[in-house]
Every structure is written in structure tokens, then in C-alpha cells.
file final.txt (compact mmCIF, C-alpha atoms)
# COMPACT_ATOMS: atom_id res chain seq x y z
CA MET A 27 58.25 204.56 -76.17
CA GLN A 28 55.98 207.17 -77.68
CA THR A 29 56.14 205.40 -81.07
CA ALA A 30 54.98 202.11 -79.51
CA ARG A 31 52.10 203.89 -77.79
CA LEU A 32 51.09 205.55 -81.05
CA TRP A 33 51.15 202.22 -82.91
CA PHE A 34 49.07 200.60 -80.18
CA ALA A 35 46.46 203.35 -80.59
CA ARG A 36 46.52 202.90 -84.38
CA ILE A 37 46.10 199.13 -84.11
CA VAL A 38 43.11 199.61 -81.80
CA MET A 39 41.67 202.08 -84.29
CA ILE A 40 42.09 199.48 -87.05
CA TYR A 41 40.19 197.02 -84.82
CA ALA A 42 37.43 199.64 -84.42
CA LEU A 43 37.33 200.21 -88.16
CA LEU A 44 36.96 196.48 -88.84
CA ILE A 45 34.36 195.76 -86.16
CA PHE A 46 32.20 198.78 -87.01
CA ALA A 47 32.50 198.06 -90.76
CA PHE A 48 31.35 194.49 -90.11
CA LEU A 49 28.41 195.64 -87.99
CA SER A 50 27.38 198.26 -90.55
CA TYR A 51 27.54 195.58 -93.27
CA LEU A 52 25.27 193.30 -91.24
CA TYR A 53 22.68 195.99 -90.50
CA ILE A 54 22.72 197.60 -93.95
CA LEU A 55 23.00 194.57 -96.24
CA GLU A 56 21.65 191.68 -94.13
CA PRO A 57 19.40 193.27 -91.49
CA LEU A 58 16.80 190.51 -91.17
CA LYS A 59 19.34 187.72 -91.07
CA HIS A 60 21.44 189.56 -88.47
CA ILE A 61 18.64 190.34 -86.03
CA ALA A 62 17.30 186.79 -86.30
CA GLY A 63 20.46 185.70 -84.45
CA PHE A 64 19.16 187.65 -81.45
CA GLY A 65 15.70 186.11 -81.61
CA ILE A 66 14.26 189.30 -83.08
CA SER A 67 12.15 189.44 -86.20
CA ALA A 68 10.91 192.31 -88.33
CA SER A 69 7.79 192.18 -90.43
CA GLY A 70 9.74 192.33 -93.68
CA VAL A 71 7.90 195.41 -94.91
CA PRO A 72 10.18 198.10 -96.32
CA GLU A 73 9.71 200.39 -93.30
CA SER A 74 10.87 197.79 -90.78
CA ILE A 75 13.87 196.76 -92.86
CA ASN A 76 14.85 200.33 -93.58
CA PHE A 77 14.51 201.17 -89.86
CA LEU A 78 17.39 198.74 -89.22
CA ARG A 79 19.44 200.14 -92.09
CA ALA A 80 18.88 203.79 -91.22
CA GLY A 81 19.18 203.27 -87.46
CA PRO A 82 21.94 200.92 -86.31
CA GLY A 83 23.31 200.48 -89.83
CA ALA A 84 23.87 204.18 -90.34
CA LEU A 85 25.22 204.60 -86.81
CA PHE A 86 27.81 201.86 -87.29
CA LEU A 87 28.70 203.21 -90.73
CA GLY A 88 29.32 206.60 -89.14
CA MET A 89 31.59 205.01 -86.54
CA THR A 90 33.44 203.18 -89.34
CA LEU A 91 34.04 206.46 -91.13
CA PHE A 92 35.09 208.11 -87.88
CA ALA A 93 37.65 205.35 -87.22
CA ALA A 94 38.94 205.68 -90.80
CA TYR A 95 39.27 209.44 -90.36
CA GLY A 96 41.31 208.94 -87.20
CA LEU A 97 43.66 206.66 -89.11
CA VAL A 98 44.18 208.89 -92.14
CA ARG A 99 44.43 212.10 -90.10
CA PRO A 100 46.88 211.26 -87.29
CA GLY A 101 46.41 214.67 -85.71
CA HIS A 102 42.80 213.69 -84.97
CA LEU A 103 43.48 210.13 -83.77
CA ARG A 104 43.14 211.03 -80.10
CA ASN A 105 39.82 212.85 -80.62
CA CYS A 106 38.48 209.95 -82.67
CA LEU A 107 39.46 207.54 -79.89
CA LEU A 108 37.62 209.73 -77.39
CA VAL A 109 34.46 209.47 -79.49
CA LEU A 110 34.84 205.67 -79.57
CA VAL A 111 35.26 205.59 -75.78
CA ILE A 112 32.13 207.70 -75.27
CA PHE A 113 30.10 205.74 -77.84
CA ASN A 114 31.04 202.37 -76.37
CA ALA A 115 30.44 203.62 -72.82
CA CYS A 116 26.89 204.44 -73.89
CA VAL A 117 26.49 200.98 -75.44
CA VAL A 118 27.72 199.28 -72.25
CA ALA A 119 25.54 201.52 -70.04
CA VAL A 120 22.43 200.76 -72.08
CA ARG A 121 23.30 197.05 -72.07
CA PHE A 122 23.40 197.16 -68.23
CA PHE A 123 20.11 199.08 -68.21
CA GLY A 124 18.52 196.45 -70.44
CA ILE A 125 19.79 193.63 -68.25
CA ALA A 126 18.43 195.36 -65.14
CA LEU A 127 15.08 196.02 -66.79
CA ASP A 128 14.55 192.84 -68.84
CA GLY A 129 16.68 190.27 -67.05
CA VAL A 130 19.90 188.50 -67.83
CA SER A 131 20.48 185.85 -70.48
CA ASP A 132 23.50 184.07 -71.90
CA LYS A 133 23.24 186.17 -75.08
CA GLN A 134 23.08 189.40 -73.05
CA MET A 135 26.16 188.42 -71.06
CA SER A 136 28.06 187.43 -74.20
CA GLU A 137 27.28 190.79 -75.83
CA LEU A 138 28.16 192.66 -72.62
CA ARG A 139 31.50 190.87 -72.46
CA ASN A 140 32.36 191.79 -76.05
CA GLU A 141 31.20 195.39 -75.70
CA GLY A 142 32.93 195.81 -72.34
CA LEU A 143 36.23 194.43 -73.62
CA SER A 144 36.06 196.71 -76.65
CA TRP A 145 35.41 199.67 -74.37
CA LEU A 146 38.39 198.79 -72.18
CA LEU A 147 40.57 198.47 -75.28
CA PHE A 148 39.43 201.89 -76.54
CA VAL A 149 40.11 203.44 -73.12
CA ALA A 150 43.62 201.89 -73.05
CA ALA A 151 44.32 203.21 -76.54
CA LEU A 152 43.10 206.68 -75.61
CA LEU A 153 45.31 206.73 -72.53
CA ALA A 154 48.29 205.42 -74.51
CA CYS A 155 47.86 207.76 -77.48
CA PRO A 156 50.43 210.55 -77.29
CA ARG A 157 49.10 214.09 -77.26
CA GLN A 158 49.89 216.17 -80.35
CA LYS A 159 52.14 219.15 -79.76

call {"tool": "encode", "arguments": {"input": "final.txt", "output": "C-alpha cells"}}
result
Amino acid sequence: MQTARLWFARIVMIYALLIFAFLSYLYILEPLKHIAGFGISASGVPESINFLRAGPGALFLGMTLFAAYGLVRPGHLRNCLLVLVIFNACVVAVRFFGIALDGVSDKQMSELRNEGLSWLLFVAALLACPRQK
């Protein structure tokens, strides 16, 4: 039973690694194209493009590295999952704040659904992950 729980936590961490790697790729290598999908534009000057790379791009790259660390260092898997739970809880909380402040849209609800489901998956993995002795 404990082996199945550990593998579930690892599979969720692989999901985190893939999703955060994809997001970091989008923000670091294709920032203008990615934000255009949200109806946002940047001026195209180096400062505005680099803001996207150094802000969300760097944040998602850090989460990618954190997920990778949790996979290669099994003794730290549980702690890495806890960071993912906290990080995604902040994302979901700020998404709700934005909806309350700016109003709801189909895009907002779609993003909230994806972020909320990821958060629930990370919580389930954290709860399932066996504690190290």
C-alpha cells in the first residue's frame, strides 16, 4: 500500500515538473505570444519582455527545478509537494481575488478550473506521500 502511495506522489510530481517546465518555456522563450492568448500585450521593448521572463518565467523555472529535486531526492519529495501545495494555493487565492475585483470571464473560470484541479491533485499527493522514517 505504501509503495502505491509513493508512486502516486511521484507521478503527481512528474505532472508538476511537466506543467511548470511548459509554463517556464512559454514565459521565457515565447513571452509575447503566450500573453497574447490572454488578451494582454506588452510594448515589445526589452524591459517589458524581460519583465515576463524574469517574473513568471523565472518563478515557473524555479518550480520546475523544485519538482525535479523532489523526484531525484526521494527523501525530500514530501517537502517539495508541500511547497507545490502552498504555491498553488496562492495562485488559486489570487485568481479568486482577481475575479472578485475585476469580474468573471470564461477565460478566468477556465484558468481557475485548471489551477484548482492541480492544487487538489498536489494536496492528494501530499496526503498520500508516506512520511520518511

call {"tool": "closest_residue", "arguments": {"input": "final.txt", "among": "A:Phe113, A:Tyr51, A:Tyr95, A:Trp33", "to": "A:Ser144", "atoms": "all atoms listed in the file"}}
result
A:Phe113

call {"tool": "residues_around", "arguments": {"input": "final.txt", "residues": "A:Met135", "least_positions_apart": "4", "cutoff": "10 Å", "atoms": "all atoms listed in the file", "output": "PyMOL selection string"}}
result
chain A and resi 121-122+125+130-131+139-141

call {"tool": "closest_residue", "arguments": {"input": "final.txt", "among": "A:Phe86, A:Phe123, A:Phe34, A:Phe92", "to": "A:Phe148", "atoms": "all atoms listed in the file"}}
result
A:Phe34

call {"tool": "atom_distance", "arguments": {"input": "final.txt", "atom1": "atom CA of A:Leu58", "atom2": "atom CA of A:Trp145"}}
result
26.7 Å

call {"tool": "closest_residue", "arguments": {"input": "final.txt", "among": "A:Gly101, A:Gly142, A:Pro156, A:Gly96", "to": "A:Val118", "atoms": "all atoms listed in the file"}}
result
A:Gly142

call {"tool": "closest_residue", "arguments": {"input": "final.txt", "among": "A:Leu103, A:Leu138, A:Ala115, A:Val71", "to": "A:Gln158", "atoms": "all atoms listed in the file"}}
result
A:Leu103

call {"tool": "atom_distance", "arguments": {"input": "final.txt", "atom1": "atom CA of A:Cys155", "atom2": "atom CA of A:Leu32"}}
result
5.3 Å

call {"tool": "axis_aligned_box", "arguments": {"input": "final.txt", "around": "stretch 123-136 of chain A", "padding_each_side": "8 Å", "output": "JSON"}}
result
{"center_x": 21.3, "center_y": 191.6, "center_z": -70.1, "size_x": 29.5, "size_y": 31.0, "size_z": 25.9}

call {"tool": "closest_residue", "arguments": {"input": "final.txt", "among": "A:Leu143, A:Leu127, A:Leu110, A:Ala150", "to": "A:Ala42", "atoms": "only C-alpha atoms"}}
result
A:Leu110

call {"tool": "closest_residue", "arguments": {"input": "final.txt", "among": "A:Leu78, A:Arg104, A:Met89, A:Phe48", "to": "A:Ala151", "atoms": "only C-alpha atoms"}}
result
A:Arg104

call {"tool": "atom_distance", "arguments": {"input": "final.txt", "atom1": "atom CA of A:Ala35", "atom2": "atom CA of A:Ala154"}}
result
6.7 Å

call {"tool": "residues_near_point", "arguments": {"input": "final.txt", "point": "(26.6, 197.5, -90.0)", "cutoff": "10 Å", "atoms": "all atoms listed in the file", "output": "list of chain:residue names"}}
result
A:Ile45, A:Phe46, A:Ala47, A:Phe48, A:Leu49, A:Ser50, A:Tyr51, A:Leu52, A:Tyr53, A:Ile54, A:Leu55, A:Glu56, A:Pro57, A:His60, A:Leu78, A:Arg79, A:Gly81, A:Pro82, A:Gly83, A:Ala84, A:Leu85, A:Phe86, A:Leu87, A:Gly88, A:Met89, A:Thr90

call {"tool": "decode", "arguments": {"input": "final.txt", "residues": "stretch 39-52 of chain A", "atoms": "all heavy atoms", "output": "mmCIF file, in the first residue's frame"}}
result
data_model
loop_
_atom_site.group_PDB
_atom_site.id
_atom_site.type_symbol
_atom_site.label_atom_id
_atom_site.label_comp_id
_atom_site.auth_asym_id
_atom_site.auth_seq_id
_atom_site.Cartn_x
_atom_site.Cartn_y
_atom_site.Cartn_z
ATOM 1 N N MET A 39 4.258 14.457 -9.013
ATOM 2 C CA MET A 39 5.433 15.323 -9.110
ATOM 3 C C MET A 39 5.939 15.391 -10.555
ATOM 4 O O MET A 39 6.391 16.456 -11.000
ATOM 5 C CB MET A 39 6.537 14.838 -8.177
ATOM 6 C CG MET A 39 7.654 15.829 -8.018
ATOM 7 S SD MET A 39 7.141 17.423 -7.321
ATOM 8 C CE MET A 39 7.347 17.113 -5.597
ATOM 9 N N ILE A 40 5.826 14.315 -11.297
ATOM 10 C CA ILE A 40 6.180 14.339 -12.722
ATOM 11 C C ILE A 40 5.239 15.273 -13.471
ATOM 12 O O ILE A 40 5.662 16.063 -14.321
ATOM 13 C CB ILE A 40 6.161 12.916 -13.324
ATOM 14 C CG1 ILE A 40 7.320 12.096 -12.755
ATOM 15 C CG2 ILE A 40 6.232 12.962 -14.847
ATOM 16 C CD1 ILE A 40 7.245 10.613 -13.068
ATOM 17 N N TYR A 41 3.942 15.203 -13.142
ATOM 18 C CA TYR A 41 2.971 16.141 -13.727
ATOM 19 C C TYR A 41 3.385 17.577 -13.434
ATOM 20 O O TYR A 41 3.389 18.437 -14.319
ATOM 21 C CB TYR A 41 1.567 15.849 -13.183
ATOM 22 C CG TYR A 41 0.595 16.990 -13.354
ATOM 23 C CD1 TYR A 41 0.010 17.249 -14.591
ATOM 24 C CD2 TYR A 41 0.256 17.813 -12.288
ATOM 25 C CE1 TYR A 41 -0.875 18.305 -14.759
ATOM 26 C CE2 TYR A 41 -0.628 18.867 -12.440
ATOM 27 C CZ TYR A 41 -1.184 19.106 -13.679
ATOM 28 O OH TYR A 41 -2.055 20.153 -13.830
ATOM 29 N N ALA A 42 3.757 17.862 -12.176
ATOM 30 C CA ALA A 42 4.183 19.212 -11.797
ATOM 31 C C ALA A 42 5.421 19.620 -12.594
ATOM 32 O O ALA A 42 5.494 20.751 -13.094
ATOM 33 C CB ALA A 42 4.476 19.266 -10.299
ATOM 34 N N LEU A 43 6.364 18.728 -12.710
ATOM 35 C CA LEU A 43 7.569 19.016 -13.472
ATOM 36 C C LEU A 43 7.230 19.393 -14.911
ATOM 37 O O LEU A 43 7.729 20.393 -15.444
ATOM 38 C CB LEU A 43 8.500 17.800 -13.453
ATOM 39 C CG LEU A 43 9.763 17.900 -14.300
ATOM 40 C CD1 LEU A 43 10.790 18.780 -13.617
ATOM 41 C CD2 LEU A 43 10.335 16.527 -14.560
ATOM 42 N N LEU A 44 6.348 18.626 -15.535
ATOM 43 C CA LEU A 44 5.982 18.883 -16.930
ATOM 44 C C LEU A 44 5.207 20.182 -17.097
ATOM 45 O O LEU A 44 5.493 20.972 -18.006
ATOM 46 C CB LEU A 44 5.182 17.699 -17.487
ATOM 47 C CG LEU A 44 5.951 16.388 -17.623
ATOM 48 C CD1 LEU A 44 5.012 15.267 -18.037
ATOM 49 C CD2 LEU A 44 7.111 16.529 -18.589
ATOM 50 N N ILE A 45 4.232 20.425 -16.236
ATOM 51 C CA ILE A 45 3.410 21.629 -16.389
ATOM 52 C C ILE A 45 4.224 22.891 -16.099
ATOM 53 O O ILE A 45 4.127 23.884 -16.819
ATOM 54 C CB ILE A 45 2.109 21.563 -15.534
ATOM 55 C CG1 ILE A 45 1.121 22.632 -15.987
ATOM 56 C CG2 ILE A 45 2.361 21.719 -14.064
ATOM 57 C CD1 ILE A 45 0.446 22.332 -17.280
ATOM 58 N N PHE A 46 5.067 22.852 -15.069
ATOM 59 C CA PHE A 46 5.873 24.033 -14.755
ATOM 60 C C PHE A 46 6.970 24.237 -15.794
ATOM 61 O O PHE A 46 7.319 25.383 -16.106
ATOM 62 C CB PHE A 46 6.441 23.951 -13.341
ATOM 63 C CG PHE A 46 5.402 24.114 -12.272
ATOM 64 C CD1 PHE A 46 5.299 23.205 -11.235
ATOM 65 C CD2 PHE A 46 4.510 25.174 -12.301
ATOM 66 C CE1 PHE A 46 4.333 23.347 -10.251
ATOM 67 C CE2 PHE A 46 3.538 25.327 -11.322
ATOM 68 C CZ PHE A 46 3.457 24.411 -10.297
ATOM 69 N N ALA A 47 7.525 23.158 -16.344
ATOM 70 C CA ALA A 47 8.522 23.289 -17.416
ATOM 71 C C ALA A 47 7.877 23.925 -18.650
ATOM 72 O O ALA A 47 8.476 24.799 -19.293
ATOM 73 C CB ALA A 47 9.116 21.928 -17.766
ATOM 74 N N PHE A 48 6.660 23.513 -18.966
ATOM 75 C CA PHE A 48 5.954 24.082 -20.110
ATOM 76 C C PHE A 48 5.680 25.565 -19.894
ATOM 77 O O PHE A 48 5.907 26.393 -20.781
ATOM 78 C CB PHE A 48 4.654 23.308 -20.359
ATOM 79 C CG PHE A 48 3.847 23.842 -21.505
ATOM 80 C CD1 PHE A 48 4.319 23.772 -22.801
ATOM 81 C CD2 PHE A 48 2.596 24.407 -21.280
ATOM 82 C CE1 PHE A 48 3.574 24.280 -23.868
ATOM 83 C CE2 PHE A 48 1.842 24.906 -22.333
ATOM 84 C CZ PHE A 48 2.338 24.841 -23.628
ATOM 85 N N LEU A 49 5.205 25.922 -18.712
ATOM 86 C CA LEU A 49 4.921 27.327 -18.419
ATOM 87 C C LEU A 49 6.196 28.169 -18.427
ATOM 88 O O LEU A 49 6.200 29.298 -18.931
ATOM 89 C CB LEU A 49 4.191 27.461 -17.083
ATOM 90 C CG LEU A 49 2.742 26.969 -17.094
ATOM 91 C CD1 LEU A 49 2.198 26.877 -15.673
ATOM 92 C CD2 LEU A 49 1.882 27.865 -17.951
ATOM 93 N N SER A 50 7.275 27.631 -17.877
ATOM 94 C CA SER A 50 8.525 28.396 -17.905
ATOM 95 C C SER A 50 9.015 28.569 -19.337
ATOM 96 O O SER A 50 9.502 29.640 -19.698
ATOM 97 C CB SER A 50 9.592 27.757 -17.018
ATOM 98 O OG SER A 50 9.968 26.486 -17.482
ATOM 99 N N TYR A 51 8.867 27.539 -20.167
ATOM 100 C CA TYR A 51 9.212 27.663 -21.590
ATOM 101 C C TYR A 51 8.421 28.802 -22.243
ATOM 102 O O TYR A 51 8.986 29.641 -22.935
ATOM 103 C CB TYR A 51 8.938 26.339 -22.312
ATOM 104 C CG TYR A 51 8.875 26.477 -23.812
ATOM 105 C CD1 TYR A 51 10.034 26.538 -24.570
ATOM 106 C CD2 TYR A 51 7.652 26.582 -24.472
ATOM 107 C CE1 TYR A 51 9.978 26.693 -25.948
ATOM 108 C CE2 TYR A 51 7.584 26.735 -25.844
ATOM 109 C CZ TYR A 51 8.758 26.785 -26.576
ATOM 110 O OH TYR A 51 8.691 26.947 -27.938
ATOM 111 N N LEU A 52 7.105 28.818 -22.006
ATOM 112 C CA LEU A 52 6.270 29.842 -22.625
ATOM 113 C C LEU A 52 6.683 31.244 -22.203
ATOM 114 O O LEU A 52 6.789 32.151 -23.029
ATOM 115 C CB LEU A 52 4.800 29.609 -22.286
ATOM 116 C CG LEU A 52 4.145 28.386 -22.914
ATOM 117 C CD1 LEU A 52 2.725 28.215 -22.387
ATOM 118 C CD2 LEU A 52 4.153 28.471 -24.425
#
